[in-house]
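**Student:** This one is my_file-v6.cif, mmCIF, C-alpha atoms and all ligand atoms.
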```cif
data_input
loop_
_atom_site.label_atom_id
_atom_site.label_comp_id
_atom_site.auth_asym_id
_atom_site.auth_seq_id
_atom_site.Cartn_x
_atom_site.Cartn_y
_atom_site.Cartn_z
CA MET C 4 -40.59 -0.73 -56.52
CA ALA C 5 -40.95 -2.38 -53.17
CA ASP C 6 -39.66 0.91 -51.71
CA ASP C 7 -42.42 2.83 -53.53
CA ILE C 8 -45.08 0.79 -51.81
CA VAL C 9 -43.48 1.41 -48.41
CA ILE C 10 -43.04 5.09 -49.21
CA ASN C 11 -46.68 5.44 -50.16
CA SER C 12 -47.91 3.77 -47.04
CA LEU C 13 -45.53 5.87 -44.92
CA LEU C 14 -46.78 9.05 -46.62
CA ALA C 15 -50.32 8.02 -45.83
CA ALA C 16 -49.34 7.40 -42.23
CA ILE C 17 -47.73 10.85 -42.06
CA GLU C 18 -50.97 12.43 -43.31
CA ALA C 19 -52.65 10.90 -40.33
CA GLN C 20 -49.81 11.73 -37.86
CA PRO C 21 -47.96 14.78 -39.17
CA GLU C 22 -46.22 15.19 -35.83
CA SER C 23 -44.37 11.86 -35.99
CA LEU C 24 -40.72 12.71 -36.57
CA GLU C 25 -39.87 9.04 -36.67
CA LEU C 26 -42.13 8.44 -39.69
CA ARG C 27 -40.84 11.54 -41.43
CA LEU C 28 -37.23 10.53 -40.93
CA HIS C 29 -37.92 7.06 -42.18
CA VAL C 30 -39.69 8.29 -45.32
CA ALA C 31 -36.95 10.85 -45.96
CA GLU C 32 -34.36 8.04 -45.88
CA LEU C 33 -36.35 5.98 -48.36
CA LEU C 34 -36.96 8.95 -50.64
CA VAL C 35 -33.25 9.75 -50.73
CA ARG C 36 -32.48 6.13 -51.48
CA ALA C 37 -35.05 6.27 -54.33
CA GLU C 38 -33.33 9.43 -55.62
CA ARG C 39 -36.41 11.53 -54.88
CA ASN C 40 -34.43 14.12 -52.93
CA GLN C 41 -36.72 16.98 -53.63
CA GLU C 42 -39.62 15.18 -51.98
CA ALA C 43 -37.47 14.41 -48.94
CA ILE C 44 -36.86 18.09 -48.20
CA PRO C 45 -40.15 19.00 -46.44
CA HIS C 46 -39.79 15.96 -44.17
CA LEU C 47 -36.20 16.79 -43.26
CA GLU C 48 -37.19 20.37 -42.62
CA ALA C 49 -39.96 19.23 -40.33
CA VAL C 50 -37.59 16.97 -38.36
CA LEU C 51 -34.80 19.56 -38.08
CA ALA C 52 -37.23 22.28 -37.05
CA LYS C 53 -38.10 20.19 -34.02
CA GLU C 54 -34.71 18.51 -33.48
CA PRO C 55 -31.94 20.68 -34.90
CA THR C 56 -29.27 18.24 -33.68
CA ASN C 57 -30.79 15.05 -35.04
CA ILE C 58 -27.67 13.42 -36.50
CA THR C 59 -29.50 11.12 -38.95
CA ALA C 60 -31.52 14.02 -40.33
CA LEU C 61 -28.42 16.22 -40.60
CA ARG C 62 -26.51 13.49 -42.45
CA LEU C 63 -29.34 13.20 -45.00
CA ALA C 64 -29.85 16.94 -45.23
CA VAL C 65 -26.27 17.92 -46.14
CA PRO C 66 -26.24 16.29 -49.61
CA VAL C 67 -29.99 16.76 -50.23
CA PHE C 68 -29.86 20.54 -49.73
CA ARG C 69 -26.56 20.82 -51.59
CA GLU C 70 -27.98 19.06 -54.62
CA SER C 71 -31.16 21.09 -54.49
CA GLY C 72 -29.00 24.21 -54.82
CA ASP C 73 -29.52 25.42 -51.24
CA LEU C 74 -25.81 25.65 -50.45
CA ALA C 75 -26.21 27.95 -47.48
CA ARG C 76 -28.33 25.49 -45.56
CA SER C 77 -26.24 22.51 -46.66
CA VAL C 78 -23.11 24.17 -45.26
CA ALA C 79 -24.85 25.17 -42.06
CA PHE C 80 -26.07 21.63 -41.51
CA GLU C 81 -22.61 20.29 -42.22
CA GLN C 82 -21.11 22.59 -39.60
CA ILE C 83 -23.59 21.47 -36.99
CA LEU C 84 -22.94 17.85 -37.90
CA ASN C 85 -19.16 18.26 -37.54
CA ALA C 86 -19.50 20.03 -34.25
CA LEU C 87 -21.73 17.27 -32.93
CA GLN C 88 -19.37 14.54 -34.08
CA MET C 89 -16.38 16.21 -32.51
CA GLN C 90 -18.36 16.65 -29.36
CA SER C 91 -19.25 13.01 -29.09
CA ALA C 92 -15.70 11.95 -29.92
CA GLN C 93 -14.51 14.32 -27.26
CA ARG C 94 -16.96 12.84 -24.82
CA LEU C 95 -15.62 9.40 -25.67
CA ILE C 96 -12.08 10.57 -25.09
CA GLU C 97 -12.93 12.30 -21.89
CA SER C 98 -15.26 9.65 -20.59
CA THR C 99 -13.64 8.09 -17.60
CA PRO C 100 -14.73 4.80 -16.12
CA PRO C 101 -16.97 5.13 -13.08
CA PRO C 102 -14.85 5.70 -10.01
CA PRO C 103 -14.08 2.50 -8.11
CA GLU C 104 -16.08 1.86 -5.02
CA GLU C 105 -15.04 4.26 -2.32
CA PRO C 106 -12.58 2.32 -0.19
CA GLU C 107 -12.69 2.45 3.53
CA ARG C 108 -10.68 5.39 4.74
CA LEU C 109 -8.69 6.02 7.78
CA ARG C 110 -8.74 9.62 8.83
CA MET C 111 -6.04 11.18 10.87
CA SER C 112 -5.23 14.56 12.06
CA TYR C 113 -1.86 15.93 12.75
CA ASP C 114 -0.64 18.92 14.61
CA GLY C 115 2.73 19.75 13.41
CA GLU C 116 5.12 22.31 12.26
CA GLN C 117 5.70 22.42 8.58
CA PRO C 118 9.32 22.83 7.59
CA GLY C 119 9.98 26.54 7.53
CA ASP C 120 7.02 27.37 9.70
CA SER C 121 7.65 29.71 12.54
CA ASP C 122 7.06 28.30 15.98
CA ASP C 123 3.64 29.79 16.52
CA SER C 124 2.13 28.74 13.23
CA ALA C 125 1.69 25.09 14.06
CA THR C 126 -1.03 23.66 11.87
CA SER C 127 -3.63 21.06 12.53
CA LYS C 128 -4.71 19.25 9.43
CA GLU C 129 -6.34 16.05 8.51
CA PHE C 130 -5.29 13.52 5.94
CA ASP C 131 -6.51 10.09 5.26
CA PHE C 132 -5.39 6.73 4.00
CA ALA C 133 -7.34 4.55 1.66
CA MET C 134 -7.90 0.97 2.62
CA GLU C 135 -8.60 -1.21 -0.36
CA ARG C 136 -9.14 -4.86 -1.12
CA PRO C 137 -6.93 -5.53 -4.12
CA GLU C 138 -8.40 -7.79 -6.75
CA ILE C 139 -5.10 -8.76 -8.31
CA ASP C 140 -2.93 -11.68 -7.26
CA LEU C 141 0.56 -12.89 -8.04
CA ARG C 142 -0.54 -14.29 -11.41
CA ASP C 143 -0.99 -10.70 -12.53
CA VAL C 144 2.65 -10.04 -11.78
CA LYS C 145 4.49 -11.08 -14.92
CA GLY C 146 7.92 -12.66 -14.88
CA LEU C 147 9.85 -12.31 -11.63
CA ALA C 148 9.61 -16.08 -11.08
CA GLU C 149 12.30 -16.05 -8.39
CA VAL C 150 10.68 -13.19 -6.53
CA LYS C 151 7.35 -14.94 -6.56
CA GLU C 152 8.91 -18.17 -5.40
CA ARG C 153 10.64 -16.44 -2.53
CA ILE C 154 7.46 -14.69 -1.53
CA ASN C 155 5.61 -17.98 -1.66
CA LEU C 156 8.20 -19.89 0.32
CA SER C 157 9.14 -17.35 2.92
CA PHE C 158 5.94 -15.42 3.32
CA LEU C 159 2.75 -16.86 1.89
CA GLY C 160 3.65 -20.54 2.46
CA PRO C 161 4.22 -20.22 6.21
CA LEU C 162 1.11 -18.09 6.49
CA ARG C 163 -1.06 -20.67 4.81
CA ASN C 164 0.42 -23.68 6.62
CA PRO C 165 0.21 -23.01 10.34
CA GLU C 166 0.80 -26.69 11.22
CA LEU C 167 3.99 -26.90 9.23
CA ARG C 168 5.03 -23.58 10.66
CA LYS C 169 4.66 -24.91 14.18
CA LEU C 170 6.53 -28.06 13.30
CA TYR C 171 9.53 -26.04 12.21
CA GLY C 172 9.16 -23.56 15.03
CA LYS C 173 8.92 -20.73 12.57
CA SER C 174 7.35 -17.58 13.83
CA LEU C 175 5.34 -15.28 11.64
CA LYS C 176 7.26 -12.28 12.71
CA GLY C 177 8.95 -10.08 10.23
CA GLY C 178 8.07 -8.58 6.95
CA LEU C 179 9.35 -8.06 3.47
CA LEU C 180 11.44 -5.25 2.16
CA MET C 181 11.38 -4.86 -1.60
CA TYR C 182 13.87 -2.74 -3.42
CA GLY C 183 14.74 -2.05 -7.02
CA PRO C 184 14.45 0.41 -9.88
CA PRO C 185 11.25 2.44 -10.28
CA GLY C 186 8.27 1.03 -12.12
CA CYS C 187 9.24 -2.63 -11.85
CA GLY C 188 6.34 -3.77 -9.73
CA LYS C 189 7.11 -3.29 -6.03
CA THR C 190 3.80 -1.63 -5.27
CA PHE C 191 2.07 -3.98 -7.68
CA ILE C 192 3.50 -7.04 -5.91
CA ALA C 193 2.53 -5.71 -2.49
CA ARG C 194 -1.05 -5.29 -3.67
CA ALA C 195 -0.96 -8.74 -5.27
CA ILE C 196 0.19 -10.25 -1.96
CA ALA C 197 -2.76 -8.62 -0.21
CA GLY C 198 -4.93 -10.03 -3.01
CA GLU C 199 -3.48 -13.52 -2.44
CA LEU C 200 -4.22 -13.26 1.26
CA GLY C 201 -7.69 -11.82 0.77
CA ALA C 202 -6.38 -9.06 3.01
CA ARG C 203 -7.05 -5.38 3.13
CA PHE C 204 -4.33 -3.14 1.84
CA LEU C 205 -3.28 -0.01 3.62
CA THR C 206 -0.64 2.02 1.91
CA VAL C 207 1.38 4.73 3.50
CA SER C 208 4.15 6.64 1.83
CA PHE C 209 6.66 7.91 4.30
CA ALA C 210 8.08 10.50 1.98
CA ASP C 211 4.67 12.16 2.01
CA VAL C 212 3.94 11.96 5.67
CA VAL C 213 7.23 12.16 7.42
CA ASP C 214 7.22 15.93 7.57
CA MET C 215 3.57 16.16 8.36
CA TRP C 216 3.92 13.80 11.21
CA ILE C 217 6.44 15.76 13.09
CA GLY C 218 4.81 16.48 16.39
CA SER C 219 2.13 13.82 16.22
CA SER C 220 4.04 10.96 14.75
CA GLU C 221 3.65 8.44 17.51
CA LYS C 222 -0.04 9.00 17.84
CA ASN C 223 -0.72 8.73 14.15
CA LEU C 224 1.52 5.81 13.43
CA HIS C 225 -0.02 3.96 16.31
CA ALA C 226 -3.52 4.78 15.04
CA LEU C 227 -2.53 3.44 11.65
CA PHE C 228 -1.33 0.14 13.06
CA GLU C 229 -4.32 -0.13 15.37
CA SER C 230 -6.63 0.33 12.42
CA ALA C 231 -4.78 -2.42 10.54
CA ARG C 232 -5.05 -4.72 13.57
CA ARG C 233 -8.78 -4.10 13.77
CA ASN C 234 -9.17 -4.74 10.05
CA ASN C 235 -7.01 -7.84 9.84
CA PRO C 236 -6.01 -9.58 7.73
CA CYS C 237 -4.33 -6.44 6.51
CA VAL C 238 -1.19 -5.64 4.59
CA ILE C 239 0.45 -2.39 5.61
CA PHE C 240 2.52 -1.24 2.71
CA ILE C 241 5.13 1.30 3.68
CA ASP C 242 6.33 2.93 0.51
CA GLU C 243 9.56 4.94 0.31
CA ILE C 244 10.59 3.54 3.64
CA ASP C 245 14.05 5.05 3.12
CA ALA C 246 12.52 8.45 3.87
CA LEU C 247 12.55 7.54 7.53
CA GLY C 248 16.19 6.58 7.62
CA ARG C 249 17.17 9.60 5.62
CA LYS C 250 15.19 11.92 7.79
CA ARG C 251 16.62 10.48 10.94
CA ASN C 252 20.08 11.42 9.79
CA LEU C 253 19.01 14.82 8.56
CA MET C 254 16.89 15.88 11.44
CA ARG C 255 18.57 17.41 14.39
CA HIS C 256 15.43 17.21 16.44
CA SER C 257 14.34 14.00 17.95
CA ALA C 258 11.22 13.84 15.78
CA GLY C 259 12.73 11.49 13.23
CA SER C 260 13.94 9.03 15.77
CA THR C 261 10.69 9.23 17.68
CA LEU C 262 8.92 8.20 14.54
CA ILE C 263 11.29 5.38 13.76
CA ASN C 264 11.22 4.14 17.33
CA GLN C 265 7.48 4.12 17.21
CA LEU C 266 7.56 2.16 13.97
CA LEU C 267 9.98 -0.33 15.48
CA SER C 268 7.82 -0.90 18.49
CA GLU C 269 4.74 -1.35 16.32
CA LEU C 270 6.67 -3.84 14.19
CA ASP C 271 8.10 -5.79 17.09
CA GLY C 272 4.63 -6.22 18.40
CA ALA C 273 5.84 -7.14 21.88
CA GLN C 274 3.00 -5.18 23.33
CA TYR C 275 0.62 -5.53 20.41
CA ASN C 276 -1.03 -8.45 18.73
CA ASN C 277 0.09 -8.26 15.14
CA GLU C 278 -1.66 -11.46 14.13
CA GLY C 279 -2.90 -11.03 10.58
CA VAL C 280 -1.01 -7.79 10.05
CA TYR C 281 1.67 -8.04 7.39
CA ILE C 282 4.22 -5.36 6.84
CA ILE C 283 5.73 -4.83 3.43
CA GLY C 284 8.19 -2.04 2.82
CA ALA C 285 9.48 -0.74 -0.49
CA THR C 286 12.26 1.56 -1.52
CA ASN C 287 14.30 2.71 -4.47
CA HIS C 288 17.09 3.65 -2.08
CA PRO C 289 17.85 0.61 0.08
CA TRP C 290 21.14 2.22 1.08
CA ASP C 291 19.19 4.88 2.97
CA VAL C 292 16.98 2.47 4.89
CA ASP C 293 17.64 2.63 8.60
CA VAL C 294 19.52 -0.54 9.50
CA ALA C 295 17.43 -0.97 12.62
CA LEU C 296 14.48 -1.67 10.35
CA ARG C 297 16.21 -4.61 8.74
CA ARG C 298 16.98 -6.54 11.90
CA PRO C 299 15.52 -10.03 12.36
CA GLY C 300 11.83 -9.99 13.12
CA ARG C 301 11.41 -6.66 11.36
CA LEU C 302 11.69 -6.15 7.60
CA ASP C 303 14.17 -8.98 7.53
CA ARG C 304 13.52 -10.50 4.12
CA THR C 305 14.96 -8.30 1.42
CA ILE C 306 13.82 -8.91 -2.12
CA LEU C 307 15.26 -7.33 -5.24
CA VAL C 308 12.58 -6.56 -7.81
CA LEU C 309 14.22 -6.35 -11.22
CA PRO C 310 12.99 -5.15 -14.60
CA PRO C 311 11.00 -7.76 -16.53
CA ASP C 312 12.91 -10.08 -18.87
CA ALA C 313 11.83 -10.43 -22.52
CA PRO C 314 9.11 -13.09 -22.01
CA ALA C 315 7.71 -11.08 -19.07
CA ARG C 316 7.75 -7.90 -21.18
CA ALA C 317 5.75 -9.70 -23.87
CA GLU C 318 3.27 -10.82 -21.21
CA ILE C 319 2.94 -7.31 -19.81
CA ILE C 320 2.22 -6.00 -23.32
CA ALA C 321 -0.37 -8.71 -23.88
CA ALA C 322 -2.00 -8.14 -20.50
CA ASN C 323 -2.22 -4.40 -21.10
CA LEU C 324 -3.68 -4.91 -24.59
CA GLU C 325 -6.20 -7.46 -23.45
CA GLU C 326 -9.22 -5.22 -23.35
CA ARG C 327 -8.37 -3.03 -26.31
CA PRO C 328 -9.05 -3.51 -30.03
CA THR C 329 -5.86 -4.84 -31.67
CA GLN C 330 -4.65 -6.30 -34.92
CA ASN C 331 -1.52 -8.35 -35.59
CA ILE C 332 0.48 -7.25 -32.58
CA ASP C 333 3.75 -9.12 -32.24
CA ALA C 334 4.38 -8.78 -28.52
CA ASN C 335 7.54 -10.89 -28.73
CA TRP C 336 9.09 -8.57 -31.28
CA ILE C 337 8.41 -5.58 -29.06
CA ALA C 338 9.79 -7.46 -26.07
CA LYS C 339 13.06 -8.03 -27.94
CA GLU C 340 13.43 -4.32 -28.62
CA THR C 341 12.84 -3.22 -25.04
CA ASP C 342 15.73 -4.47 -22.95
CA GLY C 343 16.01 -2.39 -19.78
CA PHE C 344 12.41 -1.18 -19.90
CA SER C 345 10.45 -1.41 -16.68
CA GLY C 346 6.95 -2.85 -16.41
CA ALA C 347 5.65 0.68 -16.13
CA ASP C 348 7.56 1.60 -19.32
CA MET C 349 5.90 -1.33 -21.11
CA ALA C 350 2.48 -0.22 -19.92
CA HIS C 351 3.37 3.28 -21.12
CA ILE C 352 4.16 1.97 -24.62
CA VAL C 353 0.71 0.39 -24.83
CA GLU C 354 -0.91 3.59 -23.56
CA THR C 355 0.94 5.69 -26.13
CA ALA C 356 0.12 3.30 -29.00
CA SER C 357 -3.53 3.34 -27.95
CA GLU C 358 -3.54 7.12 -28.03
CA PHE C 359 -2.25 7.07 -31.62
CA ALA C 360 -4.94 4.65 -32.76
CA LEU C 361 -7.61 6.60 -30.93
CA ALA C 362 -6.53 9.93 -32.42
CA ASP C 363 -6.60 8.34 -35.86
CA SER C 364 -10.06 6.93 -35.28
CA ILE C 365 -11.33 10.34 -34.34
CA ARG C 366 -9.65 12.02 -37.26
CA THR C 367 -11.11 9.57 -39.79
CA ASN C 368 -14.35 9.05 -37.92
CA LYS C 369 -13.73 5.31 -38.16
CA VAL C 370 -12.64 3.14 -35.30
CA ARG C 371 -9.50 1.23 -36.12
CA PRO C 372 -7.61 -1.28 -34.00
CA ILE C 373 -4.18 -0.71 -32.48
CA ASP C 374 -1.58 -2.23 -34.77
CA MET C 375 2.18 -2.66 -35.00
CA SER C 376 2.72 0.73 -36.60
CA ASP C 377 1.26 2.35 -33.46
CA MET C 378 3.42 0.18 -31.24
CA LYS C 379 6.56 0.98 -33.21
CA ARG C 380 5.80 4.68 -33.14
CA ALA C 381 5.22 4.47 -29.39
CA LEU C 382 8.48 2.58 -29.01
CA LYS C 383 10.33 5.54 -30.50
CA GLN C 384 8.83 7.88 -27.93
CA VAL C 385 9.08 5.87 -24.73
CA ARG C 386 12.54 5.61 -23.18
CA PRO C 387 13.56 3.02 -20.60
CA THR C 388 13.67 4.48 -17.12
CA THR C 389 15.73 1.97 -15.16
CA GLY C 390 19.23 2.95 -16.32
CA THR C 391 19.96 5.77 -13.90
CA TRP C 392 18.87 3.67 -10.96
CA PHE C 393 21.36 0.94 -11.86
CA GLU C 394 24.13 3.51 -12.22
CA THR C 395 23.58 4.69 -8.65
CA ALA C 396 22.89 1.25 -7.26
CA LYS C 397 26.08 -0.12 -8.79
CA ASN C 398 28.28 1.98 -6.54
CA HIS C 399 26.47 0.97 -3.39
CA ALA C 400 26.50 -2.68 -4.41
CA ILE C 401 30.22 -2.66 -5.11
CA PHE C 402 31.41 -0.55 -2.20
CA SER C 403 29.00 -1.32 0.60
CA ASN C 404 27.86 -4.88 0.23
CA GLU C 405 27.96 -5.66 3.94
CA GLY C 406 26.54 -9.02 4.80
CA GLY C 407 26.01 -9.78 1.14
CA TYR C 408 23.04 -7.43 1.16
CA TYR C 409 23.44 -6.66 -2.54
CA ASP C 410 24.52 -10.09 -3.79
CA ASP C 411 21.41 -10.47 -5.96
CA LEU C 412 21.98 -7.07 -7.47
CA LEU C 413 25.66 -7.79 -8.14
CA ASP C 414 24.72 -11.06 -9.87
CA TYR C 415 22.28 -9.22 -12.08
CA LEU C 416 24.76 -6.45 -12.91
CA LYS C 417 27.34 -9.06 -13.89
CA LYS C 418 24.87 -11.00 -15.98
CA LYS C 419 23.89 -7.82 -17.77
CA ARG C 420 27.56 -6.85 -18.14
CA MET C 421 26.99 -3.60 -16.31
CA ILE C 422 30.06 -4.29 -14.18
N1 LIG I 1 6.26 -7.55 -13.37
C1 LIG I 1 5.18 -6.84 -13.72
N2 LIG I 1 4.08 -7.48 -14.18
C2 LIG I 1 2.99 -6.79 -14.55
N3 LIG I 1 2.89 -5.45 -14.52
C3 LIG I 1 3.95 -4.76 -14.08
C4 LIG I 1 5.14 -5.41 -13.64
N4 LIG I 1 6.02 -4.47 -13.24
C5 LIG I 1 5.40 -3.29 -13.40
N5 LIG I 1 4.17 -3.46 -13.92
C6 LIG I 1 3.23 -2.38 -14.27
O1 LIG I 1 3.85 -1.15 -13.99
C7 LIG I 1 3.09 -0.40 -13.06
C8 LIG I 1 4.02 0.30 -12.11
O2 LIG I 1 4.60 -0.63 -11.22
P1 LIG I 1 4.77 -0.31 -9.68
O3 LIG I 1 4.06 0.94 -9.32
O4 LIG I 1 4.43 -1.52 -8.91
O5 LIG I 1 6.32 -0.05 -9.65
P2 LIG I 1 7.23 0.27 -8.38
O6 LIG I 1 8.35 -0.71 -8.42
O7 LIG I 1 6.39 0.33 -7.16
O8 LIG I 1 7.76 1.69 -8.79
P3 LIG I 1 8.25 2.91 -7.83
O9 LIG I 1 9.59 2.52 -7.33
O10 LIG I 1 8.30 4.05 -8.78
O11 LIG I 1 7.23 3.03 -6.75
C9 LIG I 1 2.18 -1.41 -12.37
O12 LIG I 1 0.99 -0.82 -11.94
C10 LIG I 1 1.95 -2.42 -13.45
O13 LIG I 1 0.91 -2.01 -14.30
MG MG I 2 5.86 1.90 -5.94
#
```
Could you render the structure from this file as structure tokens?
Ligand SMILES: Nc1ncnc2c1ncn2[C@@H]1O[C@H](COP(=O)(O)OP(=O)(O)OP(=O)(O)O)[C@@H](O)[C@H]1O
Ligand SMILES: [Mg+2]
**Tutor:**
Amino acid sequence: MADDIVINSLLAAIEAQPESLELRLHVAELLVRAERNQEAIPHLEAVLAKEPTNITALRLAVPVFRESGDLARSVAFEQILNALQMQSAQRLIESTPPPPEEPERLRMSYDGEQPGDSDDSATSKEFDFAMERPEIDLRDVKGLAEVKERINLSFLGPLRNPELRKLYGKSLKGGLLMYGPPGCGKTFIARAIAGELGARFLTVSFADVVDMWIGSSEKNLHALFESARRNNPCVIFIDEIDALGRKRNLMRHSAGSTLINQLLSELDGAQYNNEGVYIIGATNHPWDVDVALRRPGRLDRTILVLPPDAPARAEIIAANLEERPTQNIDANWIAKETDGFSGADMAHIVETASEFALADSIRTNKVRPIDMSDMKRALKQVRPTTGTWFETAKNHAIFSNEGGYYDDLLDYLKKKRMI
């Protein structure tokens, strides 16, 4: 009854403004609700003639035309509606967050021979390094209490307490070398350290650049360090630092050793002021790291970064789920089932589970939260990735533990009954 009054006044308004699609859509909705479908038809037609992809009008039109016996149009509208819904779901799936602010970049050119190039085809190319300001800190690194304590005591503590440092005659020279299985947080920790220090973060992967640098290595490496010195405080993160050691052995030319000598002289800082420049190296193959790099004053503090234990795995799950819709997730249960999984593996489980819930939401056209069934299904698909690393590392730890270099690793292997 109340609807009739509104309908009548809307119809009167439409008389006065026949062009108003808004009024027509509104009255069509009320007419359908009042089971006066037939009367809704001219209004829906008017709306769809002007806006053929109006989703509200299409939703009303599908049943109204079907019931009026106009199957052809009902089906056509339904097809358009489905296509539109799939499109918007697709857009949702494909929508990527806006790209992060463009970090400062360091451009470099290199003139070098590519492996396999003939002598006269030397190339000159440019590549660049991103300089970022990480917004994470060590609290974002889950578990690894001992690693964090060591970093705090031997690295961050002295940095933050110059008076104490002087009192103990401790110099700031030297950097960290992190090693361990893939995906367990080496890069993450390095960024978190830069975050702790409010420092810029310059990352350079030697495996990528070592070949490219042949021929212009000294120049470029020096430019990299100079840029870090200008932008201090700055963490230079040298990933895959073993690539240098490996290459030095493999390369007959002097290029490899030129590069490593240059790195050593940049590190030693005898001729340069490295104040506020912190060097952190990382490797999965510590046995390939050139020993010269590990001497005192260089990357002299070696830290083993191990897979997360069960409480840390639960925390990584929780942290990764934080901004997603969830229901009844038992992170501790998942943590118990994932011995040997790396942090990256744990993040991968959450990603996979989210994909399942998302696919379901699209299929049913109804958003549903991620639940334990998704997590369990993901758990069946994601395999731990640290095992092979430990197999290789075991041999090095047992047979070449000079200077107790692998003591931490041996302790862990024993604790885990891997030896
Ligand atoms: N302890 C941890 N706490 C929180 N997140 C972690 C942890 N370990 C790993 N992760 C997650 O896994 C991702 C991969 O880790 P990261 O890239 O730091 O591993 P990595 O040790 O550098 O591996 P690689 O040897 O392959 O370079 C991180 O971005 C982070 O999301
Ligand atoms: Mg890494």
**Student:** Can you tell me, as a PyMOL selection string, what residues are no more than 8 Å from range 395-408 of chain C when counting all atoms listed in the file, ignoring any on the same chain fewer than 4 positions away?
**Tutor:** chain C and resi 290+391+412-413+416+422
**Student:** Smallest atom-to-atom distance to Glu340 in chain C: which of C:Ile58, C:Ile373, C:Lys383, C:Leu307, using all atoms listed in the file?
**Tutor:**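 Of C:Ile58, C:Ile373, C:Lys383, C:Leu307, the one nearest Glu340 in chain C, counting all atoms listed in the file, is C:Lys383.
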**Student:** Using all atoms listed in the file, find each residue of chain C with at least one atom at most 10 Å away from an atom of ligand MG 2 (chain I); report its shortest atom-to-atom pair and that distance in Å (one decimal), sort the rows by chain and rising residue number, and return the result as CSV.
**Tutor:**
```
residue,atom,partner,partner_atom,distance
C:Met181,CA,I:MG2,MG,9.7
C:Tyr182,CA,I:MG2,MG,9.6
C:Gly183,CA,I:MG2,MG,9.8
C:Pro184,CA,I:MG2,MG,9.6
C:Pro185,CA,I:MG2,MG,6.9
C:Gly186,CA,I:MG2,MG,6.7
C:Cys187,CA,I:MG2,MG,8.2
C:Gly188,CA,I:MG2,MG,6.8
C:Lys189,CA,I:MG2,MG,5.3
C:Thr190,CA,I:MG2,MG,4.1
C:Phe191,CA,I:MG2,MG,7.2
C:Ile192,CA,I:MG2,MG,9.2
C:Ala193,CA,I:MG2,MG,9.0
C:Ser208,CA,I:MG2,MG,9.3
C:Phe240,CA,I:MG2,MG,9.8
C:Ile241,CA,I:MG2,MG,9.7
C:Asp242,CA,I:MG2,MG,6.5
C:Glu243,CA,I:MG2,MG,7.9
C:Gly284,CA,I:MG2,MG,9.9
C:Ala285,CA,I:MG2,MG,7.1
C:Thr286,CA,I:MG2,MG,7.8
C:Asn287,CA,I:MG2,MG,8.6
```
**Student:** Counting all atoms listed in the file, which of C:His288, C:Lys151, C:Arg136, C:Arg316 gets nearest to Asn235 in chain C?
**Tutor:**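 Of C:His288, C:Lys151, C:Arg136, C:Arg316, the one nearest Asn235 in chain C is C:Arg136, counting all atoms listed in the file.
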**Student:** Go ahead and compute the interatomic distance for CA of Asp140 in chain C and CA of Leu167 in chain C, in Å to one decimal.
**Tutor:**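 For CA of Asp140 in chain C relative to CA of Leu167 in chain C, the distance reads 23.5 Å.
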**Student:** Return the single residue from C:Phe344, C:Val144, C:Glu38, C:Lys53 that is closest to Ser23 in chain C, with distances computed using all atoms listed in the file.
**Tutor:**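 Between C:Phe344, C:Val144, C:Glu38, C:Lys53, the residue approaching Ser23 in chain C most closely is C:Lys53.
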**Student:** Quick check, in Å to one decimal: how far apart do CA of Arg153 in chain C and CA of Phe204 in chain C lie?
**Tutor:**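 CA of Phe204 in chain C lies at a distance of 20.5 Å from CA of Arg153 in chain C.
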**Student:** Could you tell me how far CA of Phe158 in chain C lies from CA of Leu266 in chain C, in Å and to one decimal?
**Tutor:**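 Between CA of Phe158 in chain C and CA of Leu266 in chain C the gap works out to 20.6 Å.
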**Student:** Using all atoms listed in the file, find the one residue out of C:Ala322, C:Ala338, C:Ala202, C:Ala347 that sits nearest to ligand LIG 1 (chain I).
**Tutor:**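 Selected residue with least distance to ligand LIG 1 (chain I): C:Ala347.
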**Student:** Return the single residue from C:Val370, C:Ile332, C:Leu147, C:Ile283 that is closest to ligand LIG 1 (chain I), with distances computed using only C-alpha atoms and all ligand atoms.
**Tutor:**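 Of C:Val370, C:Ile332, C:Leu147, C:Ile283, the one nearest ligand LIG 1 (chain I), counting only C-alpha atoms and all ligand atoms, is C:Leu147.
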**Student:** Taking all atoms listed in the file into account, name the residue in C:Thr59, C:Thr305, C:Thr367, C:Thr389 that is nearest to Val150 in chain C.
**Tutor:**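 Closest to Val150 in chain C, using all atoms listed in the file: C:Thr305.
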**Student:** List as JSON, numbers by chain the protein and nucleic acid residues near range 296-299 of chain C, meaning an atom at most 9 Å away when only C-alpha atoms are counted, but skip any in the same chain fewer than 6 places from it.
**Tutor:** {"C": [176, 177, 180, 248, 263, 266, 267, 270, 305]}
**Student:** Kindly export the residues of the current selection with C-alpha atoms, as a PDB file, keeping the file's coordinate frame.
**Tutor:**
```
ATOM      1  CA  LYS C 176       7.260 -12.280  12.710  1.00  0.00           C
ATOM      2  CA  GLY C 177       8.950 -10.080  10.230  1.00  0.00           C
ATOM      3  CA  LEU C 180      11.440  -5.250   2.160  1.00  0.00           C
ATOM      4  CA  GLY C 248      16.190   6.580   7.620  1.00  0.00           C
ATOM      5  CA  ILE C 263      11.290   5.380  13.760  1.00  0.00           C
ATOM      6  CA  LEU C 266       7.560   2.160  13.970  1.00  0.00           C
ATOM      7  CA  LEU C 267       9.980  -0.330  15.480  1.00  0.00           C
ATOM      8  CA  LEU C 270       6.670  -3.840  14.190  1.00  0.00           C
ATOM      9  CA  THR C 305      14.960  -8.300   1.420  1.00  0.00           C
TER      10      THR C 305
END
```
